[in-house]
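J.: File final.tsv below, TSV, C-alpha atoms and all ligand atoms:
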```
chain	number	residue	atom	x	y	z
A	1143	MET	CA	59.00	5.03	41.23
A	1144	PRO	CA	62.14	3.06	40.33
A	1145	LEU	CA	65.11	3.46	42.63
A	1146	PRO	CA	68.59	3.91	41.20
A	1147	SER	CA	70.67	0.79	41.52
A	1148	ILE	CA	73.33	0.78	44.18
A	1149	LEU	CA	76.69	2.08	42.98
A	1150	SER	CA	79.31	-0.57	42.35
A	1151	GLY	CA	82.55	-0.74	44.26
A	1152	ALA	CA	84.04	-2.57	47.23
A	1153	ASN	CA	83.18	-2.11	50.89
A	1154	SER	CA	82.76	-4.43	53.85
A	1155	CYS	CA	79.59	-5.15	55.78
A	1156	VAL	CA	79.54	-3.60	59.28
A	1157	LEU	CA	77.73	-6.64	60.65
A	1158	CYS	CA	79.55	-9.65	59.20
A	1159	GLY	CA	82.60	-8.25	57.37
A	1160	ALA	CA	81.59	-9.80	54.03
A	1161	SER	CA	82.03	-7.61	50.99
A	1162	ALA	CA	79.23	-5.14	50.44
A	1163	THR	CA	78.44	-3.23	47.28
A	1164	GLY	CA	79.36	0.38	46.70
A	1165	GLU	CA	78.88	2.82	49.53
A	1166	PHE	CA	76.67	0.27	51.24
A	1167	ALA	CA	77.56	-0.59	54.83
A	1168	LEU	CA	75.57	-3.83	54.76
A	1169	CYS	CA	75.95	-6.94	52.58
A	1170	ALA	CA	72.88	-8.27	50.78
A	1171	PRO	CA	72.18	-11.19	53.21
A	1172	CYS	CA	72.45	-8.88	56.25
A	1173	GLN	CA	70.09	-6.43	54.56
A	1174	ALA	CA	67.62	-9.22	53.93
A	1175	ASN	CA	67.89	-10.38	57.55
A	1176	LEU	CA	67.08	-7.02	59.13
A	1177	PRO	CA	64.22	-7.43	61.61
A	1178	ARG	CA	60.90	-6.71	59.93
A	1179	ILE	CA	57.57	-5.98	61.55
A	1180	GLU	CA	55.35	-8.63	60.00
A	1181	SER	CA	51.85	-7.96	61.26
A	1182	SER	CA	51.41	-4.43	62.48
A	1183	CYS	CA	48.83	-1.73	63.13
A	1184	LEU	CA	47.90	-0.02	59.87
A	1185	ARG	CA	48.17	3.37	61.49
A	1186	CYS	CA	51.00	3.36	64.06
A	1187	ALA	CA	52.91	0.22	62.95
A	1188	LEU	CA	52.85	-1.30	66.41
A	1189	SER	CA	53.47	-5.02	66.10
A	1190	LEU	CA	50.16	-6.86	66.52
A	1191	GLY	CA	51.80	-10.20	67.12
A	1192	PRO	CA	49.82	-13.31	66.23
A	1193	SER	CA	46.55	-11.40	65.87
A	1194	PRO	CA	43.78	-12.44	63.50
A	1195	PRO	CA	44.54	-11.16	59.98
A	1196	ASN	CA	41.42	-8.95	59.94
A	1197	GLN	CA	42.69	-6.89	62.89
A	1198	ARG	CA	44.21	-3.87	61.17
A	1199	LEU	CA	44.44	-1.40	64.07
A	1200	CYS	CA	45.98	-1.75	67.52
A	1201	GLY	CA	43.80	-1.20	70.58
A	1202	GLN	CA	45.05	2.33	71.11
A	1203	CYS	CA	44.50	3.45	67.49
A	1204	SER	CA	40.97	2.00	67.35
A	1205	VAL	CA	40.01	3.96	70.48
A	1206	ALA	CA	42.01	7.18	70.08
A	1207	PRO	CA	43.86	7.45	66.74
A	1208	PRO	CA	47.08	9.50	66.79
A	1209	PRO	CA	47.30	12.83	64.91
A	1210	PHE	CA	49.43	11.25	62.14
A	1211	ASP	CA	47.95	9.04	59.43
A	1212	ARG	CA	50.56	6.33	58.80
A	1213	CYS	CA	53.82	5.17	60.29
A	1214	TYR	CA	56.38	3.37	58.10
A	1215	PRO	CA	59.31	1.89	60.01
A	1216	LEU	CA	62.13	0.03	58.32
A	1217	GLY	CA	61.95	-2.61	61.02
A	1218	ASP	CA	61.64	-3.66	64.61
A	1219	TYR	CA	63.95	-2.07	67.20
A	1220	VAL	CA	65.86	-5.26	68.01
A	1221	PHE	CA	69.29	-6.62	67.07
A	1222	PRO	CA	70.88	-5.69	64.72
A	1223	LEU	CA	68.80	-2.64	63.73
A	1224	ARG	CA	69.06	-1.31	67.29
A	1225	GLU	CA	72.87	-1.53	67.23
A	1226	LEU	CA	73.11	-0.05	63.72
A	1227	VAL	CA	70.99	2.95	64.70
A	1228	ALA	CA	73.13	3.45	67.82
A	1229	HIS	CA	76.28	3.48	65.68
A	1230	LEU	CA	74.76	6.13	63.45
A	1231	LYS	CA	73.44	8.23	66.31
A	1232	PHE	CA	76.21	8.05	68.88
A	1233	HIS	CA	79.29	7.35	66.74
A	1234	GLY	CA	78.38	9.31	63.62
A	1235	ARG	CA	78.67	6.29	61.28
A	1236	PHE	CA	77.10	7.97	58.27
A	1237	SER	CA	77.69	4.98	55.98
A	1238	ILE	CA	75.13	3.15	58.12
A	1239	GLY	CA	72.73	6.07	57.78
A	1240	ARG	CA	73.15	5.94	54.00
A	1241	ALA	CA	72.48	2.19	53.86
A	1242	LEU	CA	69.47	2.27	56.19
A	1243	GLY	CA	68.12	5.43	54.58
A	1244	HIS	CA	68.33	3.76	51.18
A	1245	LEU	CA	66.50	0.68	52.46
A	1246	LEU	CA	63.81	2.85	54.04
A	1247	ALA	CA	63.43	4.70	50.72
A	1248	GLN	CA	62.88	1.35	48.98
A	1249	ARG	CA	60.17	0.60	51.54
A	1250	LEU	CA	58.46	3.96	50.98
A	1251	ALA	CA	58.75	4.14	47.18
A	1252	PRO	CA	55.80	1.85	46.32
A	1253	ARG	CA	53.56	3.72	48.76
A	1254	TYR	CA	54.34	7.10	47.28
A	1255	GLY	CA	54.60	6.23	43.60
A	1256	ALA	CA	51.63	8.12	42.19
A	1257	THR	CA	51.22	10.91	44.71
A	1258	PRO	CA	54.49	11.73	46.47
A	1259	PRO	CA	54.35	13.79	49.67
A	1260	ASP	CA	55.25	17.48	49.45
A	1261	ALA	CA	57.99	17.47	52.05
A	1262	LEU	CA	60.14	15.48	54.47
A	1263	LEU	CA	60.40	16.99	57.95
A	1264	PRO	CA	63.25	15.63	60.08
A	1265	VAL	CA	62.53	15.77	63.83
A	1266	PRO	CA	64.60	18.78	64.94
A	1267	LEU	CA	67.17	18.62	67.70
A	1268	HIS	CA	67.51	21.45	70.17
A	1269	THR	CA	70.48	23.66	69.26
A	1270	ALA	CA	72.31	22.68	72.47
A	1271	ARG	CA	71.99	18.95	71.60
A	1272	LEU	CA	72.92	19.63	67.99
A	1273	ARG	CA	76.07	21.42	69.10
A	1274	MET	CA	76.97	18.52	71.35
A	1275	ARG	CA	76.37	15.78	68.77
A	1276	GLY	CA	77.48	17.74	65.74
A	1277	PHE	CA	74.72	16.41	63.49
A	1278	ASN	CA	71.03	15.55	63.51
A	1279	GLN	CA	70.57	11.86	62.71
A	1280	SER	CA	66.97	12.45	61.56
A	1281	LEU	CA	68.20	15.00	59.03
A	1282	GLU	CA	70.80	12.50	57.76
A	1283	ILE	CA	68.04	9.92	57.20
A	1284	ALA	CA	65.78	12.53	55.59
A	1285	ARG	CA	68.59	13.48	53.19
A	1286	GLN	CA	68.87	9.88	52.05
A	1287	LEU	CA	65.11	9.61	51.56
A	1288	SER	CA	65.15	12.87	49.64
A	1289	HIS	CA	68.01	11.68	47.43
A	1290	HIS	CA	66.24	8.45	46.49
A	1291	LEU	CA	62.60	9.59	46.47
A	1292	HIS	CA	63.09	13.14	45.14
A	1293	ILE	CA	61.00	14.69	47.90
A	1294	PRO	CA	62.40	17.94	49.34
A	1295	VAL	CA	63.54	18.19	52.95
A	1296	VAL	CA	62.05	21.19	54.76
A	1297	ARG	CA	64.28	22.90	57.25
A	1298	GLY	CA	63.39	25.66	59.65
A	1299	TYR	CA	59.65	24.88	59.51
A	1300	CYS	CA	59.62	23.05	62.83
A	1301	GLU	CA	61.81	24.14	65.73
A	1302	ARG	CA	62.57	22.51	69.03
A	1303	VAL	CA	62.09	25.44	71.36
A	1304	ARG	CA	62.64	23.61	74.60
A	1305	ALA	CA	65.46	21.20	75.27
A	1306	SER	CA	63.82	18.05	76.58
A	1307	VAL	CA	65.77	15.38	78.41
A	1308	PRO	CA	66.49	12.27	76.30
A	1309	GLN	CA	63.36	10.13	75.99
A	1310	ARG	CA	65.27	6.93	76.69
A	1311	GLY	CA	64.38	5.42	80.03
A	1312	LEU	CA	61.27	7.54	80.58
A	1313	SER	CA	57.78	6.08	81.05
A	1314	ALA	CA	55.13	6.70	78.38
A	1315	ALA	CA	53.47	9.40	80.49
A	1316	ALA	CA	56.80	11.06	81.24
A	1317	ARG	CA	57.74	11.03	77.54
A	1318	LYS	CA	54.50	12.77	76.65
A	1319	LYS	CA	55.08	15.43	79.29
A	1320	ASN	CA	58.71	15.75	78.23
A	1321	VAL	CA	57.83	16.88	74.69
A	1322	GLN	CA	54.80	19.04	75.55
A	1323	GLY	CA	55.49	22.51	74.21
A	1324	ALA	CA	58.91	21.37	72.98
A	1325	PHE	CA	58.18	22.18	69.32
A	1326	ARG	CA	56.76	25.08	67.37
A	1327	LEU	CA	56.06	25.64	63.69
A	1328	VAL	CA	57.67	28.58	61.92
A	1329	THR	CA	54.89	29.18	59.41
A	1330	GLU	CA	56.80	32.02	57.72
A	1331	ALA	CA	59.36	29.42	56.61
A	1332	MET	CA	56.83	27.96	54.15
A	1333	LYS	CA	55.20	29.82	51.29
A	1334	ASN	CA	52.14	27.61	51.38
A	1335	THR	CA	50.99	25.05	53.90
A	1336	PRO	CA	52.06	21.67	52.48
A	1337	ARG	CA	49.29	19.15	51.86
A	1338	HIS	CA	51.23	16.02	52.78
A	1339	ILE	CA	54.28	15.86	55.07
A	1340	VAL	CA	56.40	12.93	56.22
A	1341	ILE	CA	58.02	13.35	59.65
A	1342	VAL	CA	61.39	11.56	59.68
A	1343	ASP	CA	62.79	10.14	62.91
A	1344	ASP	CA	65.43	7.56	63.77
A	1345	VAL	CA	63.63	5.50	66.42
A	1346	VAL	CA	59.97	5.76	67.34
A	1347	THR	CA	59.07	4.47	70.78
A	1348	THR	CA	55.93	5.81	72.46
A	1349	MET	CA	55.31	8.17	69.55
A	1350	ALA	CA	55.18	11.15	71.94
A	1351	THR	CA	57.63	13.19	69.84
A	1352	VAL	CA	56.10	12.52	66.42
A	1353	GLN	CA	52.60	12.95	67.83
A	1354	ALA	CA	53.51	16.38	69.22
A	1355	ILE	CA	54.80	17.48	65.79
A	1356	ALA	CA	51.94	15.84	63.86
A	1357	TYR	CA	49.45	17.62	66.11
A	1358	LEU	CA	50.97	21.01	65.23
A	1359	LEU	CA	51.02	20.19	61.51
A	1360	LYS	CA	47.38	19.09	61.47
A	1361	LYS	CA	46.37	22.21	63.40
A	1362	GLU	CA	48.15	24.25	60.72
A	1363	GLY	CA	46.02	22.59	58.03
A	1364	VAL	CA	48.34	19.88	56.71
A	1365	GLU	CA	45.96	17.23	55.38
A	1366	ARG	CA	48.12	14.15	55.69
A	1367	VAL	CA	51.01	13.49	58.05
A	1368	ASP	CA	53.04	10.27	57.89
A	1369	VAL	CA	55.97	9.11	59.96
A	1370	ALA	CA	59.00	7.35	58.47
A	1371	CYS	CA	61.58	5.90	60.84
A	1372	LEU	CA	64.40	3.41	60.90
A	1373	ALA	CA	63.04	1.44	63.83
A	1374	ARG	CA	59.80	1.07	65.75
A	1375	VAL	CA	59.87	-0.12	69.33
A	1376	SER	CA	57.16	-2.72	69.88
A	1401	ZN	ZN	76.82	-8.81	56.28
A	1402	ZN	ZN	48.16	1.58	66.28
```
Go ahead and render the structure in this file as structure tokens.
T.:
Amino acid sequence: MPLPSILSGANSCVLCGASATGEFALCAPCQANLPRIESSCLRCALSLGPSPPNQRLCGQCSVAPPPFDRCYPLGDYVFPLRELVAHLKFHGRFSIGRALGHLLAQRLAPRYGATPPDALLPVPLHTARLRMRGFNQSLEIARQLSHHLHIPVVRGYCERVRASVPQRGLSAAARKKNVQGAFRLVTEAMKNTPRHIVIVDDVVTTMATVQAIAYLLKKEGVERVDVACLARVS
């Protein structure tokens, strides 16, 4: 699936100040230098470090695989991806969301060429948080993916029914507990159960949030659930 070339025009890179193309917030060298996850678990994208090349799954996924099938992060949650995501999330820098969303779309395109997923599902924010922040960063990323990959964004299918405290700073066990019962599916919002859904999130850490949603989707009969995110914490 070819991606449209980036629009021409002048802009400056948010990282180094060099001129960037079109609406892009990052110059080409800074794009190329974004932290990648080189050798990672086939299923959850956890960095496997210097593991033998035949090791395709992390310890956790080989023992107890998560309810989602694949996780595709743009890169590792380190400088400068970490700072870029923070600027999008906490300062509403949408030009960064557009640039990173476009790069993530380029990463996903070859995987979804022949059989694109049915829908993109941004991780919902609780209405109180949404009111406070004014936007949902996951929806902004999903919109970019939708624009470039021509996959529809579903809204209103998954709701956050309980406001959980921010996951940052919580232990893995506390994160899991924090999102238990936090989401519900509004099945009436969909005519038919989609076959293949991609959950879209900004940063994936312990996976507690995306696992909670993936679990609900699988229970509802969705055959394949992937996760696309800007950054994966290793
Ligand atoms: Zn730059
Ligand atoms: Zn894994």
J.: Just give me the gap between CA of Asn1175 (chain A) and CA of Leu1188 (chain A) in Å, one decimal is fine.
T.: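 These atoms are spaced 19.7 Å apart.
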J.: So which one's closest to Pro1171 (chain A), A:Val1205, A:Leu1246, A:Cys1155, A:Leu1372? Using only C-alpha atoms, please.
T.: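 Under the stated criterion, the closest residue is A:Cys1155.
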J.: As a PyMOL selection string, please: the residues near region 1258-1268 of chain A (cut-off 7 Å, all atoms listed in the file, same-chain neighbours under 3 positions excluded).
T.: chain A and resi 1254-1255+1271-1272+1278+1280-1281+1284+1293-1296+1300-1305+1336-1343
J.: Take CA of Arg1185 (chain A) and CA of Ala1315 (chain A) and report the distance between them in Å, one decimal.
T.: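 Rounded to one decimal, the two atoms are 20.6 Å apart.
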J.: Which neighbours of Asp1344 (chain A) fall inside 12 Å, counting all atoms listed in the file, when residues of the same chain fewer than 2 positions from it are skipped, and could you give them as a PyMOL selection string?
T.: chain A and resi 1214-1219+1223-1224+1226-1232+1239+1242-1243+1246+1264-1267+1278-1284+1341-1342+1346-1347+1349+1351-1352+1369-1375
J.: In Å, with one decimal, what is the gap from CA of Pro1222 (chain A) to CA of Ala1170 (chain A)?
T.: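 Distance reported for this atom pair: 14.3 Å.
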J.: Distance limit 7 Å, reference ligand ZN 1402 (chain A), atoms considered: only C-alpha atoms and all ligand atoms. Which residues make the cut? Give them as a PyMOL selection string.
T.: chain A and resi 1183-1188+1199-1203
J.: As a PyMOL selection string, please: every protein or nucleic acid residue near ligand ZN 1401 (chain A) (cut-off 6 Å, counting only C-alpha atoms and all ligand atoms).
T.: chain A and resi 1155+1157-1160+1168-1169+1172
J.: For Ala1331 (chain A), which residue among A:Pro1192, A:Pro1177, A:Gly1298, A:Gly1363 is the nearest when counting only C-alpha atoms?
T.: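 Of all the options, A:Gly1298 lies closest to Ala1331 (chain A).
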J.: Would you fill the gaps in region 1200-1221 of chain A so it has N, CA and C atoms, then print it as a PDB file, in the coordinates of the input?
T.:
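Generated file (selection39.pdb):
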```pdb
ATOM      1  N   CYS A1200      45.708  -1.347  66.133  1.00  0.00           N
ATOM      2  CA  CYS A1200      45.980  -1.750  67.520  1.00  0.00           C
ATOM      3  C   CYS A1200      44.885  -1.180  68.407  1.00  0.00           C
ATOM      4  N   GLY A1201      44.838  -1.634  69.648  1.00  0.00           N
ATOM      5  CA  GLY A1201      43.800  -1.200  70.580  1.00  0.00           C
ATOM      6  C   GLY A1201      43.765   0.312  70.733  1.00  0.00           C
ATOM      7  N   GLN A1202      44.943   0.894  70.902  1.00  0.00           N
ATOM      8  CA  GLN A1202      45.050   2.330  71.110  1.00  0.00           C
ATOM      9  C   GLN A1202      44.514   3.120  69.912  1.00  0.00           C
ATOM     10  N   CYS A1203      44.916   2.701  68.689  1.00  0.00           N
ATOM     11  CA  CYS A1203      44.500   3.450  67.490  1.00  0.00           C
ATOM     12  C   CYS A1203      43.006   3.273  67.195  1.00  0.00           C
ATOM     13  N   SER A1204      42.404   2.135  67.611  1.00  0.00           N
ATOM     14  CA  SER A1204      40.970   2.000  67.350  1.00  0.00           C
ATOM     15  C   SER A1204      40.167   2.853  68.329  1.00  0.00           C
ATOM     16  N   VAL A1205      40.727   3.136  69.503  1.00  0.00           N
ATOM     17  CA  VAL A1205      40.010   3.960  70.480  1.00  0.00           C
ATOM     18  C   VAL A1205      40.307   5.446  70.262  1.00  0.00           C
ATOM     19  N   ALA A1206      41.597   5.771  70.222  1.00  0.00           N
ATOM     20  CA  ALA A1206      42.010   7.180  70.080  1.00  0.00           C
ATOM     21  C   ALA A1206      43.146   7.250  69.071  1.00  0.00           C
ATOM     22  N   PRO A1207      42.818   7.427  67.779  1.00  0.00           N
ATOM     23  CA  PRO A1207      43.860   7.450  66.740  1.00  0.00           C
ATOM     24  C   PRO A1207      44.826   8.627  66.944  1.00  0.00           C
ATOM     25  N   PRO A1208      46.087   8.419  66.629  1.00  0.00           N
ATOM     26  CA  PRO A1208      47.080   9.500  66.790  1.00  0.00           C
ATOM     27  C   PRO A1208      46.874  10.575  65.724  1.00  0.00           C
ATOM     28  N   PRO A1209      47.487  11.752  65.886  1.00  0.00           N
ATOM     29  CA  PRO A1209      47.300  12.830  64.910  1.00  0.00           C
ATOM     30  C   PRO A1209      47.975  12.577  63.560  1.00  0.00           C
ATOM     31  N   PHE A1210      48.842  11.566  63.451  1.00  0.00           N
ATOM     32  CA  PHE A1210      49.430  11.250  62.140  1.00  0.00           C
ATOM     33  C   PHE A1210      48.609  10.143  61.483  1.00  0.00           C
ATOM     34  N   ASP A1211      48.801   9.977  60.168  1.00  0.00           N
ATOM     35  CA  ASP A1211      47.950   9.040  59.430  1.00  0.00           C
ATOM     36  C   ASP A1211      48.562   7.659  59.253  1.00  0.00           C
ATOM     37  N   ARG A1212      49.881   7.614  59.024  1.00  0.00           N
ATOM     38  CA  ARG A1212      50.560   6.330  58.800  1.00  0.00           C
ATOM     39  C   ARG A1212      51.952   6.389  59.392  1.00  0.00           C
ATOM     40  N   CYS A1213      52.444   5.236  59.830  1.00  0.00           N
ATOM     41  CA  CYS A1213      53.820   5.170  60.290  1.00  0.00           C
ATOM     42  C   CYS A1213      54.516   4.047  59.519  1.00  0.00           C
ATOM     43  N   TYR A1214      55.652   4.364  58.877  1.00  0.00           N
ATOM     44  CA  TYR A1214      56.380   3.370  58.100  1.00  0.00           C
ATOM     45  C   TYR A1214      57.782   3.176  58.673  1.00  0.00           C
ATOM     46  N   PRO A1215      57.962   2.161  59.508  1.00  0.00           N
ATOM     47  CA  PRO A1215      59.310   1.890  60.010  1.00  0.00           C
ATOM     48  C   PRO A1215      60.035   0.924  59.072  1.00  0.00           C
ATOM     49  N   LEU A1216      61.370   1.022  59.076  1.00  0.00           N
ATOM     50  CA  LEU A1216      62.130   0.030  58.320  1.00  0.00           C
ATOM     51  C   LEU A1216      62.019  -1.322  59.001  1.00  0.00           C
ATOM     52  N   GLY A1217      62.059  -1.330  60.332  1.00  0.00           N
ATOM     53  CA  GLY A1217      61.950  -2.610  61.020  1.00  0.00           C
ATOM     54  C   GLY A1217      61.781  -2.449  62.518  1.00  0.00           C
ATOM     55  N   ASP A1218      61.843  -3.581  63.174  1.00  0.00           N
ATOM     56  CA  ASP A1218      61.640  -3.660  64.610  1.00  0.00           C
ATOM     57  C   ASP A1218      62.931  -3.238  65.336  1.00  0.00           C
ATOM     58  N   TYR A1219      62.786  -2.576  66.457  1.00  0.00           N
ATOM     59  CA  TYR A1219      63.950  -2.070  67.200  1.00  0.00           C
ATOM     60  C   TYR A1219      64.569  -3.197  68.032  1.00  0.00           C
ATOM     61  N   VAL A1220      65.161  -4.151  67.348  1.00  0.00           N
ATOM     62  CA  VAL A1220      65.860  -5.260  68.010  1.00  0.00           C
ATOM     63  C   VAL A1220      67.190  -5.429  67.268  1.00  0.00           C
ATOM     64  N   PHE A1221      68.033  -6.355  67.757  1.00  0.00           N
ATOM     65  CA  PHE A1221      69.290  -6.620  67.070  1.00  0.00           C
ATOM     66  C   PHE A1221      69.004  -7.046  65.628  1.00  0.00           C
TER      67      PHE A1221
END
```
